Amino acid sequence: MARSHDDWDESDVRVRPNKRGSKPRTKKRPKHEDAVSGRIVTVDRGRYTAMVDEGASTERLVIAARARALNRQAVVPGDVVGLVGDTSGEPDTLARLVRIEHRRTLLRRSADDSDPVERVVVANADQLVIVVAAANPEPRTGFIDRALVAAYDAGIHPILCVTKADVKDPAELLANYAHLDLDVVVSRSTHDAASGTDARSADGESARLDSAALAALRKLLDGQISAVLGHSGVGKSTLVNALTGAERATGGVNAVTGRGRHTSSSALALRIDDAAAGTWIIDTPGIRSFGLALVDPEHILAAFDDLAPAAAHCPRGCGHSGADPGCALDAWVADGRAGDYGADRLSSFRRLLGAEEEIETKELGSH
Ligand SMILES: Nc1nc2c(ncn2[C@@H]2O[C@H](COP(=O)(O)OP(=O)(O)OP(=O)(O)O)[C@@H](O)[C@H]2O)c(=O)[nH]1
Ligand SMILES: [Zn+2]
């Protein structure tokens with residue numbers, strides 16, 4: 001479980017309907033029992049766009065304003081919310097967003113110079129797709145490690161997607177991640193007319209992506225809510241557009257929001273063409289780094305199920321780093337209890353633990 005789940009849920013408690021559907025014991029029924037449930041797809045200037053009745057014939061987008069009772073609580077793409085008032089989704093109607101349902105996971109971005117507040121950016125993601133290019137721009141292991149830490153800490157399954165394998169073989173990069181629990185997809189462009197899929201970047205540049213790689217990624221995304229993260233120029237929008245057919249920033253009308261050019265830097269939830277209901281890609285133009293200040297080593301360790309049991313033998317409050325006296329992980333691995341790759345797994349784990357101190361400039365091949 002992520003450390004942060006409950007931070008945003010206190011005010012939910014009063015208004016959340018009884019989960020099991022049984023009658024409330026007291027007369028104090030939750031407010032807004034009649035609220036309609038929706039999934040937030042985007043947030044723009046105080047207007048919240050939610051999809052209601054996803055997958056049903058009554059599926060519609062409803063635009064809502066936030067009820068005052070929510071105070072300043074952030075509402076972000078991926079959130080499941082309760083809506084009251086006019087939820088018809090007809091033009092020029094405005095519903096009222098009255099509650100945020102419990103969040104299974106939360107991704108936040110760090111504070112930075114232009115914005116001193118750490119902000120929630122995506123709720124309820126099952127997966128985090130970390131997109132890096134094999135080259136041009138050079139991949140940064142520090143960035144990947146930090147993203148992995150953020151994912152493991154939040155209880156979100158990471159997927160490493162390496163693009164531009166046609167430019168450079170990513171084997172050296174991937175060796176760093178061989179002993180971690182993550183899925184890897186390698187994407188490339190191709191000149192082969194038969195095995196490629198045409199896609200455009202946000203700037204309208206064309207690329208022909210290898211269809212087999214796209215299919216592999218698509219398979220991993222099916223039925224899941226996946227946040228997608230990547231630095232500028234790595235080919236993220238080309239990939240997302242190939243999967244969603246979206247014309248996010250090409251001046252066309254967006255397939256999901258029904259509006260023109262999506263100008264806000266808020267995250268945007270998009271659907272994959274013909275995917276099962278419940279499949280969402282949440283693009284995150286706003287995230288460049290994560291807040292790792294409060295990462296709990298136990299959450300990271302939990303992602304290493306072969307190492308995690310050793311913690312029972314650690315001293316109280318052990319930080320599990322190489323510098324923690326009496327950390328039981330070393331002996332656990334030395335005794336072969338974490339399998340043949342135990343030592344590699346332990347060093348990967350400890351590298352991630354140190355990721356928060358790492359400066360994001362370590363480029364592959366330059367160390
Ligand atoms: N060689 C090669 N080029 C690619 C590949 N994927 C994308 N590109 C190109 O890389 C450039 C950047 O791609 P974008 O999709 O705009 O990258 P982005 O990560 O969305 O970048 P921003 O839009 O700045 O956030 C474009 O010219 C693409 O056509 C690939 O697999 N191989
Ligand atoms: Zn320990």
# chains A, B, ... in the order shown; residues from 1 in each chain; ligands from 1

$ residues_near_ligand --ligand "ligand 2" --cutoff "10 Å" --atoms "only C-alpha atoms and all ligand atoms" --output "list in words"
Pro297, Glu298, Leu301, Leu307, Ala308, Ala310, Ala311, Ala312, His313, Cys314, Pro315, Arg316, Gly317, Cys318, Gly319, His320, Ser321, Gly322, Ala323, Asp324, Pro325, Gly326, Cys327, Ala328, Leu329 and Asp330 of chain A

$ residues_near_ligand --ligand "ligand 1" --cutoff "7 Å" --atoms "only C-alpha atoms and all ligand atoms" --output "CSV table (one decimal) with C-alpha atoms, in the first residue's frame"
chain,number,residue,atom,x,y,z
A,163,THR,CA,12.0,3.7,-27.8
A,164,LYS,CA,14.3,4.3,-30.8
A,165,ALA,CA,16.0,0.9,-30.7
A,166,ASP,CA,16.5,1.5,-34.4
A,167,VAL,CA,19.0,4.2,-33.5
A,187,SER,CA,10.0,-0.1,-29.5
A,188,ARG,CA,11.6,1.1,-32.8
A,189,SER,CA,10.7,2.7,-36.0
A,200,ARG,CA,2.5,11.1,-35.4
A,201,SER,CA,4.2,13.0,-32.6
A,202,ALA,CA,2.6,15.9,-30.9
A,203,ASP,CA,4.4,18.2,-33.3
A,205,GLU,CA,6.2,14.5,-37.1
A,206,SER,CA,5.6,11.1,-38.7
A,207,ALA,CA,7.2,7.9,-37.6
A,209,LEU,CA,6.6,2.2,-35.5
A,230,GLY,CA,8.8,10.4,-20.3
A,231,HIS,CA,11.1,13.3,-21.0
A,232,SER,CA,10.6,15.5,-24.1
A,233,GLY,CA,11.7,14.0,-27.3
A,234,VAL,CA,11.8,10.3,-26.3
A,235,GLY,CA,8.8,9.5,-28.6
A,236,LYS,CA,6.1,9.3,-25.9
A,237,SER,CA,3.5,11.2,-27.8
A,238,THR,CA,4.2,9.2,-31.0
A,239,LEU,CA,3.6,6.0,-29.0
A,285,PRO,CA,3.1,16.2,-19.5

$ select_by_dssp --residues "region 109-313 of chain A" --states "helix (DSSP H, G or I)" --output "VMD selection string"
chain A and resid 141 to 154 171 to 175 211 to 221 236 to 244 297 to 302 308 to 313

$ write_last_selection --atoms "C-alpha atoms" --output "PDB file, in the first residue's frame"
ATOM      1  CA  THR A 141      19.463   5.734 -15.380  1.00  0.00           C
ATOM      2  CA  GLY A 142      18.960   8.201 -12.518  1.00  0.00           C
ATOM      3  CA  PHE A 143      15.635   9.239 -13.995  1.00  0.00           C
ATOM      4  CA  ILE A 144      14.546   5.636 -14.519  1.00  0.00           C
ATOM      5  CA  ASP A 145      15.580   4.669 -10.996  1.00  0.00           C
ATOM      6  CA  ARG A 146      13.663   7.535  -9.466  1.00  0.00           C
ATOM      7  CA  ALA A 147      10.580   6.635 -11.462  1.00  0.00           C
ATOM      8  CA  LEU A 148      10.927   3.009 -10.344  1.00  0.00           C
ATOM      9  CA  VAL A 149      11.171   4.087  -6.731  1.00  0.00           C
ATOM     10  CA  ALA A 150       8.084   6.260  -7.093  1.00  0.00           C
ATOM     11  CA  ALA A 151       6.201   3.350  -8.678  1.00  0.00           C
ATOM     12  CA  TYR A 152       7.247   0.744  -6.103  1.00  0.00           C
ATOM     13  CA  ASP A 153       6.554   3.174  -3.292  1.00  0.00           C
ATOM     14  CA  ALA A 154       3.040   3.821  -4.571  1.00  0.00           C
ATOM     15  CA  ALA A 171      21.146  -3.872 -24.345  1.00  0.00           C
ATOM     16  CA  GLU A 172      23.600  -1.906 -22.204  1.00  0.00           C
ATOM     17  CA  LEU A 173      20.790   0.162 -20.720  1.00  0.00           C
ATOM     18  CA  LEU A 174      18.581  -2.848 -20.084  1.00  0.00           C
ATOM     19  CA  ALA A 175      21.345  -4.712 -18.258  1.00  0.00           C
ATOM     20  CA  SER A 211       3.837  -3.093 -35.083  1.00  0.00           C
ATOM     21  CA  ALA A 212       5.040  -6.056 -33.032  1.00  0.00           C
ATOM     22  CA  ALA A 213       6.511  -3.739 -30.395  1.00  0.00           C
ATOM     23  CA  LEU A 214       3.316  -1.710 -30.303  1.00  0.00           C
ATOM     24  CA  ALA A 215       1.277  -4.868 -29.910  1.00  0.00           C
ATOM     25  CA  ALA A 216       3.468  -6.010 -27.022  1.00  0.00           C
ATOM     26  CA  LEU A 217       2.941  -2.716 -25.236  1.00  0.00           C
ATOM     27  CA  ARG A 218      -0.749  -2.763 -25.945  1.00  0.00           C
ATOM     28  CA  LYS A 219      -1.071  -6.209 -24.468  1.00  0.00           C
ATOM     29  CA  LEU A 220       0.522  -5.037 -21.230  1.00  0.00           C
ATOM     30  CA  LEU A 221      -1.844  -2.082 -21.059  1.00  0.00           C
ATOM     31  CA  LYS A 236       6.136   9.318 -25.917  1.00  0.00           C
ATOM     32  CA  SER A 237       3.485  11.208 -27.848  1.00  0.00           C
ATOM     33  CA  THR A 238       4.233   9.195 -30.981  1.00  0.00           C
ATOM     34  CA  LEU A 239       3.613   6.020 -28.997  1.00  0.00           C
ATOM     35  CA  VAL A 240       0.544   7.300 -27.200  1.00  0.00           C
ATOM     36  CA  ASN A 241      -0.942   8.559 -30.448  1.00  0.00           C
ATOM     37  CA  ALA A 242      -0.262   5.230 -32.137  1.00  0.00           C
ATOM     38  CA  LEU A 243      -2.175   3.479 -29.357  1.00  0.00           C
ATOM     39  CA  THR A 244      -5.009   5.932 -28.899  1.00  0.00           C
ATOM     40  CA  PRO A 297      12.275   1.816   2.338  1.00  0.00           C
ATOM     41  CA  GLU A 298       9.769  -0.852   3.427  1.00  0.00           C
ATOM     42  CA  HIS A 299       7.567  -0.012   0.433  1.00  0.00           C
ATOM     43  CA  ILE A 300      10.479  -0.445  -1.926  1.00  0.00           C
ATOM     44  CA  LEU A 301      11.525  -3.652  -0.228  1.00  0.00           C
ATOM     45  CA  ALA A 302       7.976  -4.995  -0.572  1.00  0.00           C
ATOM     46  CA  ALA A 308      11.372  -8.791   1.817  1.00  0.00           C
ATOM     47  CA  PRO A 309      11.117 -11.708   4.297  1.00  0.00           C
ATOM     48  CA  ALA A 310      14.651 -10.986   5.522  1.00  0.00           C
ATOM     49  CA  ALA A 311      13.470  -7.727   7.060  1.00  0.00           C
ATOM     50  CA  ALA A 312      11.899  -9.717   9.890  1.00  0.00           C
ATOM     51  CA  HIS A 313      15.479 -10.349  11.078  1.00  0.00           C
TER      52      HIS A 313
END

$ closest_residue --among "A:Ser347, A:Gln224, A:Thr279, A:Ser266" --to "Arg45 (chain A)" --atoms "only C-alpha atoms"
A:Ser266

$ residues_around --residues "Leu160 (chain A)" --least-positions-apart "2" --cutoff "6 Å" --atoms "only C-alpha atoms" --output "PyMOL selection string"
chain A and resi 129-130+184

$ atom_distance --atom1 "CA of Ala69 (chain A)" --atom2 "CA of Leu268 (chain A)"
24.8 Å

$ select_by_dssp --residues "region 177-341 of chain A" --states "strand (DSSP E)" --output "short mmCIF file (atom, residue, chain, number, x, y, z; two decimals) with N, CA and C atoms, in the first residue's frame"
data_model
loop_
_atom_site.label_atom_id
_atom_site.label_comp_id
_atom_site.auth_asym_id
_atom_site.auth_seq_id
_atom_site.Cartn_x
_atom_site.Cartn_y
_atom_site.Cartn_z
N ASP A 183 8.22 -4.96 -16.34
CA ASP A 183 8.11 -5.42 -17.71
C ASP A 183 8.90 -4.48 -18.58
N VAL A 184 9.48 -5.03 -19.65
CA VAL A 184 10.26 -4.21 -20.57
C VAL A 184 9.68 -4.36 -21.97
N VAL A 185 9.49 -3.23 -22.64
CA VAL A 185 9.07 -3.25 -24.04
C VAL A 185 10.07 -2.43 -24.82
N VAL A 186 10.53 -2.96 -25.92
CA VAL A 186 11.49 -2.23 -26.76
C VAL A 186 10.77 -1.85 -28.05
N GLY A 196 4.91 -2.08 -40.14
CA GLY A 196 4.91 -0.82 -39.40
C GLY A 196 3.52 -0.22 -39.23
N THR A 197 3.42 0.66 -38.25
CA THR A 197 2.17 1.39 -38.00
C THR A 197 2.51 2.87 -38.01
N ASP A 198 1.80 3.62 -38.83
CA ASP A 198 2.08 5.05 -38.91
C ASP A 198 1.60 5.77 -37.67
N ALA A 199 2.43 6.68 -37.19
CA ALA A 199 2.04 7.46 -36.02
C ALA A 199 2.64 8.85 -36.15
N ARG A 200 2.04 9.75 -35.42
CA ARG A 200 2.54 11.12 -35.44
C ARG A 200 2.87 11.57 -34.04
N SER A 206 6.03 12.51 -38.47
CA SER A 206 5.63 11.13 -38.72
C SER A 206 6.71 10.15 -38.31
N ALA A 207 6.30 9.03 -37.82
CA ALA A 207 7.21 7.91 -37.58
C ALA A 207 6.43 6.65 -37.90
N ARG A 208 7.14 5.63 -38.34
CA ARG A 208 6.49 4.36 -38.61
C ARG A 208 7.01 3.38 -37.57
N LEU A 209 6.16 3.06 -36.61
CA LEU A 209 6.61 2.24 -35.49
C LEU A 209 6.40 0.76 -35.78
N ASP A 210 7.33 -0.04 -35.31
CA ASP A 210 7.27 -1.48 -35.47
C ASP A 210 5.99 -2.01 -34.81
N ILE A 225 -5.07 0.68 -15.88
CA ILE A 225 -4.92 2.13 -15.94
C ILE A 225 -3.42 2.41 -15.86
N SER A 226 -2.89 2.98 -16.92
CA SER A 226 -1.44 3.15 -17.02
C SER A 226 -1.07 4.61 -17.15
N ALA A 227 -0.30 5.11 -16.22
CA ALA A 227 0.25 6.45 -16.34
C ALA A 227 1.50 6.36 -17.20
N VAL A 228 1.68 7.31 -18.11
CA VAL A 228 2.82 7.28 -19.02
C VAL A 228 3.69 8.50 -18.77
N LEU A 229 4.98 8.24 -18.61
CA LEU A 229 5.91 9.27 -18.20
C LEU A 229 7.12 9.26 -19.12
N GLY A 230 7.60 10.43 -19.50
CA GLY A 230 8.83 10.45 -20.30
C GLY A 230 9.28 11.86 -20.56
N LEU A 268 -3.87 13.79 -18.85
CA LEU A 268 -5.04 13.54 -19.69
C LEU A 268 -5.21 12.03 -19.85
N ALA A 269 -6.41 11.56 -19.50
CA ALA A 269 -6.69 10.13 -19.67
C ALA A 269 -7.24 9.88 -21.05
N LEU A 270 -6.67 8.90 -21.72
CA LEU A 270 -7.07 8.57 -23.09
C LEU A 270 -7.39 7.09 -23.16
N TRP A 280 -7.10 2.49 -19.66
CA TRP A 280 -6.83 3.92 -19.80
C TRP A 280 -5.34 4.17 -19.86
N ILE A 281 -4.96 5.12 -20.69
CA ILE A 281 -3.60 5.63 -20.67
C ILE A 281 -3.69 7.04 -20.13
N ILE A 282 -2.91 7.35 -19.13
CA ILE A 282 -2.94 8.71 -18.61
C ILE A 282 -1.59 9.37 -18.89
N ASP A 283 -1.64 10.28 -19.85
CA ASP A 283 -0.43 10.98 -20.26
C ASP A 283 -0.15 12.07 -19.22
#

$ atom_distance --atom1 "CA of Asp274 (chain A)" --atom2 "CA of Pro158 (chain A)"
23.4 Å

$ residues_around --residues "Leu70 (chain A)" --least-positions-apart "2" --cutoff "8 Å" --atoms "only C-alpha atoms" --output "number ranges by chain"
A: 11, 66-68, 72-73, 98-99

$ residues_around --residues "Leu346 (chain A)" --least-positions-apart "4" --cutoff "9 Å" --atoms "only C-alpha atoms" --output "VMD selection string"
chain A and resid 304 307 329 to 330 333 338 341 to 342 350 to 351

$ write_last_selection --atoms "N, CA and C atoms" --output "short mmCIF file (atom, residue, chain, number, x, y, z; two decimals), in the first residue's frame"
data_model
loop_
_atom_site.label_atom_id
_atom_site.label_comp_id
_atom_site.auth_asym_id
_atom_site.auth_seq_id
_atom_site.Cartn_x
_atom_site.Cartn_y
_atom_site.Cartn_z
N PHE A 304 10.36 -6.36 -3.71
CA PHE A 304 11.37 -7.41 -3.89
C PHE A 304 10.94 -8.60 -3.02
N LEU A 307 13.47 -10.75 -1.25
CA LEU A 307 14.30 -10.13 -0.20
C LEU A 307 13.46 -9.72 1.02
N LEU A 329 19.68 -8.33 5.32
CA LEU A 329 19.60 -8.65 3.89
C LEU A 329 20.87 -9.30 3.37
N ASP A 330 22.03 -8.84 3.88
CA ASP A 330 23.31 -9.37 3.40
C ASP A 330 23.43 -10.86 3.69
N VAL A 333 21.03 -13.03 1.60
CA VAL A 333 21.50 -13.26 0.23
C VAL A 333 22.70 -14.22 0.23
N ALA A 338 17.74 -15.85 -1.40
CA ALA A 338 17.07 -15.04 -2.41
C ALA A 338 17.36 -15.57 -3.82
N TYR A 341 20.15 -15.05 -8.17
CA TYR A 341 20.38 -13.65 -8.51
C TYR A 341 20.22 -12.73 -7.30
N GLY A 342 20.24 -13.35 -6.13
CA GLY A 342 20.01 -12.59 -4.90
C GLY A 342 20.95 -11.40 -4.76
N ARG A 350 19.40 -1.70 -3.40
CA ARG A 350 20.11 -0.62 -2.69
C ARG A 350 20.41 0.56 -3.61
N ARG A 351 20.60 0.28 -4.87
CA ARG A 351 20.79 1.39 -5.81
C ARG A 351 19.51 2.25 -5.85
#

$ closest_residue --among "A:Val132, A:Leu106, A:Arg47, A:Arg119" --to "Thr93 (chain A)" --atoms "only C-alpha atoms"
A:Arg47

$ residues_around --residues "Asp34 (chain A)" --least-positions-apart "2" --cutoff "9 Å" --atoms "only C-alpha atoms" --output "JSON, numbers by chain"
{"A": [31, 32, 36, 82, 83, 84]}

$ write_last_selection --atoms "N, CA and C atoms" --output "PDB file, in the first residue's frame"
ATOM      1  N   LYS A  31     -24.298  11.676   2.533  1.00  0.00           N
ATOM      2  CA  LYS A  31     -24.861  12.704   1.655  1.00  0.00           C
ATOM      3  C   LYS A  31     -24.736  12.253   0.206  1.00  0.00           C
ATOM      4  N   HIS A  32     -25.550  12.786  -0.635  1.00  0.00           N
ATOM      5  CA  HIS A  32     -25.442  12.536  -2.072  1.00  0.00           C
ATOM      6  C   HIS A  32     -25.469  11.059  -2.417  1.00  0.00           C
ATOM      7  N   VAL A  36     -23.895  10.157  -9.182  1.00  0.00           N
ATOM      8  CA  VAL A  36     -23.511   9.299 -10.302  1.00  0.00           C
ATOM      9  C   VAL A  36     -21.989   9.196 -10.276  1.00  0.00           C
ATOM     10  N   GLY A  82     -17.961  11.318  -7.425  1.00  0.00           N
ATOM     11  CA  GLY A  82     -19.413  11.331  -7.384  1.00  0.00           C
ATOM     12  C   GLY A  82     -19.911  12.655  -7.947  1.00  0.00           C
ATOM     13  N   LEU A  83     -20.911  12.583  -8.819  1.00  0.00           N
ATOM     14  CA  LEU A  83     -21.437  13.775  -9.495  1.00  0.00           C
ATOM     15  C   LEU A  83     -22.925  13.902  -9.220  1.00  0.00           C
ATOM     16  N   VAL A  84     -23.364  15.123  -8.952  1.00  0.00           N
ATOM     17  CA  VAL A  84     -24.800  15.371  -8.780  1.00  0.00           C
ATOM     18  C   VAL A  84     -25.216  16.544  -9.677  1.00  0.00           C
TER      19      VAL A  84
END

$ atom_distance --atom1 "CA of Thr49 (chain A)" --atom2 "CA of Val62 (chain A)"
5.7 Å
